[in-house]
Structures are given as C-alpha cells and as structure tokens.
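Undergrad: After the structure tokens below, expect a handful of questions from me.
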Amino acid sequence: MHRIAVDVQHWMTDKQFADVFAISQLSPGPNVLIVTLIGYSVAGLTGALAATLAMCVPTAVLAYGVSRLLRSSRSGWPAIVQAALVPLSIGLMGASGLILAVASDRTVAAGLVTATAAALAFATRLNPLWLLLAGGVLGFAGVV
Amino acid sequence: MEIPLYRWPCSNRRSKSRFMSPDSNPAAIEAPELPTATPSLIALFIAFAKMSLAGFGGVLVWARRSIVDQHRWMTADEFNETFALCHFLPGPNIVNLSVVFGSRFRGIPGAGAAFCGLLGPPVIIVLLLAALYARFGEIDALRRTLAGVSCAAVGLLIAVVCRMMMPLIRKRDVVSVVIMAAVFIAIGLLRLPLPAVLLAAIPISIAIAFGTRARAAA
C-alpha cells in the first residue's frame, strides 16, 4: 500500500503516509480504514468514500457470492473444504500474532504487557477494553 | 433495553454470559445447529458497529466475543468455519465476515446492515481524527499511548487465537492441530513466504479432510 500511494502514484509524501498510518492505528475499526485516509488526503470527503467503497465492496460481493454458492451446494465438498481451511486460518492468525508481538514489543515491559493481556483475555471474562485501556495508560506513562 | 425485534430476551443472555464461559458450556459445543436466535437488521447493524468501535488494533477479538460469547449467534465451530472462509477470500477478512454473516441470517439486507455497521461509524471517526490532526499537528503523547494499546491488542489477538483453537483441541482432532502447528511454525518461526506455504498446505489439508470424511462415512 505504501509502495502504491507513495512510490508509484505520488499521492503523498513518506511523512504524510506515516501520519496517515498513525491516525488509522489510533482509531477504532478495521485496519482497512487506512485507505479511507489516503482517499481523504488525495481527494477530500469524496475521495475518502470512494476509496473505502472501492476497497471493500467488490471483495464483499465476492464473499457473499461464494458463501451463497457454498451453502446452496448439495455435495459434501464445500463443507470439507471449509473444515480444511479452519486449522490453516488459525495457524496463520497465530503466526501473525507472533510476528506482531515481535514487532511491537521492543522492551521487556512491553512483552510483559502483551503476555499479561493474552493470559487475562484467555482465562477470564474481563472486558478487553480494560486491557486496552491499561495498555494505553502504561504507554502514556512511558513504561512500554 | 428490550428491542421488540429480538426473538430472545437479550439482557438475560448477556448477563448469563458474563458468568459462564461458553467454551465450557456443553450445550454450546454439542449443538450442531445454529443457536435459535436470528438477529434483526437493527441488531446486526448495532452489533457490528459496536465491535468495530471497540476494535482498537483488530476487530476479530470483538467479533468473536460478540457473535459467539454474547449473542450466541454462532457456535465456536461455526465461527471458525465462517472466519476461515472469509480469511481465504480476497479483501479485508472482517469486512468479508460482516457480509457473509449478515447475509446468512437476513439475506442481502442483512449483509448491508452488518457492512454499514462495521464501516460507517469508524469511517466518521477516522475522518474526524484526520481533521483534528491537520489542525493540531503533532500527537506525540497519543502515539506513546497507542504504543501501549497495541502491546495489549497483540495480547488480545493471541488470546482469541487460543480460544479459536479450543474446539480443535477438545475434539482431539490431532490432524488439524498438527496442520495448524505446521502453518504457525512455517510462517511465524521460519518466516517462509506465505504463498508457497499456502500452496502446499491448502491441498494437503483438503486431501486429509476428504480422507477422514470418506473413512468416517465408510
């Protein structure tokens, strides 16, 4: 995404892209919203809407079609394929969790925050917002 | 907050799920069919808006919490299968999930409601933030805070992956656990290129699933 927005199309500078990335991380919602901001900085509100819809709608329609097709099919194949994808999907998510942890936990304290959050979220019914809030407070205080 | 469109008493379910782990609830594991509830369009919109607005550093955590733990709209297994499908289709996987999930209960209007709930409110917020940022410039304290939030968010992601793993482990599904571990090691530890790993793993996994199914049927 960086390559297309900065290097190929020259829509924005490196610094602008870094800012947009930080803002998109700061706000709630799917990570894909970074394209909303790229659209916004290139072409204002219209650009923001166009970029968001262009990013999400075609693949969403495809997902709808595929899931309809799978559910209407009478053969056992779709169920088998879907069941076969489950362990792959979980393995991939686990790997990205690890990669993200390595990238964002540069200090021992940060690693501890991640480990504690993981343990509490797995073992208790605590609302995850409290864990995010605690992480934010620690970050603001400069601990992590 | 009783919305008449709900078919079940929502406040009741919710207060229960705070004390009872759905993962340890045998009814939730054994029930092969959908839980009885069918969400209304408004309920879909609100649920996806909520999970999206809570989703700092990833919406998956909140999607699973809302769909499986709080509303019981899907069992843990159904959620895994739906998410796996959305994960392997192109596009942002949570956006795909909103459409597939919404359409499953309420057809195209349901897909639209979930899609708008997921994207509408955060788009407004992100644009407000961008406008604020353009006016106030540096946001160093915010960035520091964000670093802390993302450390916790990674922890939450790891926890939700562990929860999604539990149905496989509980079923003693050794083959699936081995495939899952192999993908994790190949991508997470060895850092092999993703396309190569998937090109190898998808056919193997499908072949094994097909073999097991055939043997079970025989």
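Residue numbers start at 1 in each chain; chains themselves are named A, B, ... in the order of the structure tokens; ligands are numbered from 1 in the order shown.
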What are the closest atom pairs, with distances in Å to one decimal, for each residue of chain B lying within 6 Å of chain A, using only C-alpha atoms, rows by chain and rising residue number, as CSV?
TA:
residue,atom,partner,partner_atom,distance
B:Ser52,CA,A:Gly29,CA,4.4
B:Leu53,CA,A:Pro28,CA,5.1
B:Gly55,CA,A:Pro28,CA,5.1
B:Phe56,CA,A:Pro28,CA,4.5
B:Val59,CA,A:Pro30,CA,6.0
B:Glu81,CA,A:Val86,CA,5.8
B:Ala84,CA,A:Val86,CA,5.2
B:Gly91,CA,A:Thr59,CA,5.2
B:Asn96,CA,A:Ala60,CA,5.2
B:Val100,CA,A:Tyr64,CA,5.5
B:Pro122,CA,A:Gly29,CA,5.4
B:Val126,CA,A:Ser27,CA,5.9
B:Arg144,CA,A:Gly139,CA,5.3
B:Thr145,CA,A:Phe140,CA,4.3
B:Ala147,CA,A:Gly139,CA,5.9
B:Gly148,CA,A:Gly139,CA,3.9
B:Val149,CA,A:Gly136,CA,4.5
B:Cys151,CA,A:Thr114,CA,5.2
B:Ala152,CA,A:Thr114,CA,5.0
B:Gly155,CA,A:Ala118,CA,4.0
B:Leu156,CA,A:Ala118,CA,5.2
B:Ile158,CA,A:Gly97,CA,5.6
B:Ala159,CA,A:Ala118,CA,4.8
B:Ser176,CA,A:Pro87,CA,5.5
B:Met180,CA,A:Gly91,CA,4.4
B:Val183,CA,A:Gly91,CA,5.2
B:Phe184,CA,A:Gly91,CA,4.6
B:Ile187,CA,A:Ala95,CA,5.9
B:Gly188,CA,A:Ala95,CA,4.1
B:Ser205,CA,A:Ala84,CA,5.3
B:Ile206,CA,A:Ala84,CA,5.1
B:Ala209,CA,A:Ala84,CA,5.7
Undergrad: Can I get the selection written as a tab-separated table (two decimals), in the first residue's frame, with N, CA and C atoms?
TA:
chain	number	residue	atom	x	y	z
B	52	SER	N	-16.90	-2.92	15.91
B	52	SER	CA	-15.98	-2.11	15.15
B	52	SER	C	-15.44	-0.95	16.00
B	53	LEU	N	-16.33	-0.31	16.75
B	53	LEU	CA	-15.90	0.84	17.55
B	53	LEU	C	-15.01	0.43	18.71
B	55	GLY	N	-12.91	-1.98	18.40
B	55	GLY	CA	-11.78	-2.70	17.81
B	55	GLY	C	-10.54	-1.88	17.58
B	56	PHE	N	-9.90	-1.43	18.64
B	56	PHE	CA	-8.58	-0.83	18.50
B	56	PHE	C	-7.59	-1.96	18.28
B	59	VAL	N	-10.44	-6.16	14.87
B	59	VAL	CA	-11.85	-6.33	15.20
B	59	VAL	C	-12.19	-7.79	15.50
B	81	GLU	N	-15.36	-21.80	11.09
B	81	GLU	CA	-15.51	-22.14	9.67
B	81	GLU	C	-15.84	-20.91	8.85
B	84	ALA	N	-12.71	-18.77	8.65
B	84	ALA	CA	-11.70	-19.37	7.78
B	84	ALA	C	-12.01	-19.07	6.32
B	91	GLY	N	-9.58	-9.61	0.06
B	91	GLY	CA	-10.24	-8.49	0.74
B	91	GLY	C	-10.05	-8.56	2.24
B	96	ASN	N	-15.38	-9.06	4.95
B	96	ASN	CA	-15.99	-10.27	4.37
B	96	ASN	C	-16.89	-10.96	5.39
B	100	VAL	N	-20.81	-12.02	4.94
B	100	VAL	CA	-21.21	-13.43	4.96
B	100	VAL	C	-22.13	-13.70	6.15
B	122	PRO	N	-16.83	3.93	12.19
B	122	PRO	CA	-15.39	4.20	12.25
B	122	PRO	C	-14.89	5.10	11.13
B	126	VAL	N	-12.57	8.21	11.95
B	126	VAL	CA	-11.23	8.34	11.39
B	126	VAL	C	-11.11	9.67	10.63
B	144	ARG	N	2.53	7.62	21.94
B	144	ARG	CA	3.06	6.79	23.03
B	144	ARG	C	1.94	5.92	23.60
B	145	THR	N	0.78	6.57	23.81
B	145	THR	CA	-0.37	5.82	24.32
B	145	THR	C	-0.71	4.67	23.37
B	147	ALA	N	1.25	3.09	21.41
B	147	ALA	CA	2.21	2.00	21.50
B	147	ALA	C	1.79	1.04	22.61
B	148	GLY	N	1.34	1.61	23.75
B	148	GLY	CA	0.88	0.77	24.85
B	148	GLY	C	-0.37	-0.01	24.47
B	149	VAL	N	-1.30	0.67	23.79
B	149	VAL	CA	-2.53	0.00	23.37
B	149	VAL	C	-2.20	-1.15	22.43
B	151	CYS	N	0.48	-2.98	22.29
B	151	CYS	CA	1.03	-4.12	23.04
B	151	CYS	C	-0.10	-4.97	23.61
B	152	ALA	N	-1.09	-4.30	24.23
B	152	ALA	CA	-2.22	-5.04	24.79
B	152	ALA	C	-3.04	-5.69	23.69
B	155	GLY	N	-1.73	-8.91	22.61
B	155	GLY	CA	-2.08	-9.92	23.60
B	155	GLY	C	-3.50	-10.44	23.38
B	156	LEU	N	-4.43	-9.53	23.10
B	156	LEU	CA	-5.83	-9.92	22.87
B	156	LEU	C	-5.93	-10.82	21.64
B	158	ILE	N	-3.62	-12.81	20.47
B	158	ILE	CA	-3.10	-14.13	20.82
B	158	ILE	C	-4.15	-14.91	21.61
B	159	ALA	N	-4.84	-14.22	22.51
B	159	ALA	CA	-5.85	-14.90	23.31
B	159	ALA	C	-7.00	-15.41	22.45
B	176	SER	N	-5.80	-31.86	12.57
B	176	SER	CA	-5.96	-30.41	12.44
B	176	SER	C	-4.94	-29.66	13.29
B	180	MET	N	-2.30	-27.03	11.87
B	180	MET	CA	-2.26	-25.69	12.44
B	180	MET	C	-0.86	-25.34	12.93
B	183	VAL	N	1.60	-24.75	10.02
B	183	VAL	CA	1.47	-23.42	9.39
B	183	VAL	C	2.06	-22.36	10.30
B	184	PHE	N	1.77	-22.47	11.60
B	184	PHE	CA	2.30	-21.50	12.55
B	184	PHE	C	3.82	-21.48	12.52
B	187	ILE	N	5.22	-20.07	9.01
B	187	ILE	CA	5.09	-18.63	8.80
B	187	ILE	C	5.67	-17.83	9.96
B	188	GLY	N	5.32	-18.22	11.17
B	188	GLY	CA	5.68	-17.42	12.34
B	188	GLY	C	7.13	-17.57	12.74
B	205	SER	N	-4.29	-30.10	3.35
B	205	SER	CA	-5.34	-30.05	4.35
B	205	SER	C	-6.67	-30.55	3.78
B	206	ILE	N	-6.97	-30.15	2.53
B	206	ILE	CA	-8.22	-30.59	1.91
B	206	ILE	C	-8.19	-32.10	1.69
B	209	ALA	N	-8.75	-33.80	4.99
B	209	ALA	CA	-10.14	-33.67	5.43
B	209	ALA	C	-11.04	-34.59	4.62
Undergrad: How many Å lie between CA of Asp77 (chain B) and CA of Pro39 (chain B), rounded to one decimal?
TA: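 Distance between the two atoms: 18.8 Å.
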Undergrad: Step one, run DSSP on the backbone; step two, keep only residues of chain A assigned to alpha helix (DSSP H); then write them as a ChimeraX atom specification.
TA: /A:2,14-26,34-72,77-104,108-123,128-140
Undergrad: Could you list, as a compact mmCIF listing (two decimals) with C-alpha atoms, in the first residue's frame, every residue within 7 Å of region 164-171 of chain B, counting only C-alpha atoms and ignoring same-chain residues fewer than 2 positions away?
TA:
# COMPACT_ATOMS: atom_id res chain seq x y z
CA ILE A 90 -5.94 -20.40 12.96
CA ALA B 76 -17.40 -21.74 18.29
CA ASP B 77 -17.07 -24.21 15.41
CA ASN B 80 -14.19 -20.82 12.98
CA VAL B 160 -8.57 -15.06 20.66
CA VAL B 161 -6.42 -17.39 18.56
CA CYS B 162 -6.08 -19.65 21.60
CA ASP B 173 -8.55 -33.53 16.29
CA SER B 176 -5.96 -30.41 12.44
CA VAL B 177 -3.75 -29.48 15.37
Undergrad: Rounded to one decimal in Å, what is the spacing between CA of Leu118 (chain B) and CA of Phe45 (chain B)?
TA: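 Distance between the two atoms: 7.6 Å.
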Undergrad: Compare B:Arg191, B:His87, B:Ile124, B:Ser66 by their minimum atom-to-atom distance to Ala54 (chain B), counting only C-alpha atoms, and give me the closest one.
TA: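 Nearest candidate to Ala54 (chain B) out of B:Arg191, B:His87, B:Ile124, B:Ser66: B:Ser66.
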Undergrad: Using only C-alpha atoms, which protein or nucleic acid residues come within 10 Å of Ser103 (chain B)? Drop anything in the same chain fewer than 4 positions from it, and give the result as a list in words.
TA: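 Within the cut-off, the hits are Tyr64, Ser67 and Arg68 of chain A; Leu97, Ser98, Val99, Gly107, Ile108, Pro109, Gly110, Ala111, Gly112, Ala113 and Ala114 of chain B.
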Undergrad: Write out, as a PDB file, in the first residue's frame, the residues just selected, with C-alpha atoms.
TA:
ATOM      1  CA  TYR A  64     -21.301 -13.050  -0.475  1.00  0.00           C
ATOM      2  CA  SER A  67     -20.760 -18.205   0.655  1.00  0.00           C
ATOM      3  CA  ARG A  68     -24.148 -18.403  -1.082  1.00  0.00           C
TER       4      ARG A  68
ATOM      5  CA  LEU B  97     -17.151 -11.741   7.668  1.00  0.00           C
ATOM      6  CA  SER B  98     -19.737  -8.994   8.173  1.00  0.00           C
ATOM      7  CA  VAL B  99     -21.236  -9.650   4.732  1.00  0.00           C
ATOM      8  CA  GLY B 107     -30.024 -12.138   3.054  1.00  0.00           C
ATOM      9  CA  ILE B 108     -28.734  -9.109   1.172  1.00  0.00           C
ATOM     10  CA  PRO B 109     -30.314  -6.534   3.544  1.00  0.00           C
ATOM     11  CA  GLY B 110     -28.588  -8.312   6.429  1.00  0.00           C
ATOM     12  CA  ALA B 111     -25.268  -8.174   4.621  1.00  0.00           C
ATOM     13  CA  GLY B 112     -25.811  -4.454   4.027  1.00  0.00           C
ATOM     14  CA  ALA B 113     -26.724  -3.794   7.660  1.00  0.00           C
ATOM     15  CA  ALA B 114     -23.653  -5.588   9.002  1.00  0.00           C
TER      16      ALA B 114
END
Undergrad: Just give me the gap between CA of Pro78 (chain A) and CA of Leu85 (chain B) in Å, one decimal is fine.
TA: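 Distance between the two atoms: 10.1 Å.
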Undergrad: Pick out the closest residue to Asp14 (chain A) from this set: A:Leu69, A:Val35, A:Met1, A:Ala50. Count only C-alpha atoms.
TA: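 Nearest candidate to Asp14 (chain A) out of A:Leu69, A:Val35, A:Met1, A:Ala50: A:Met1.
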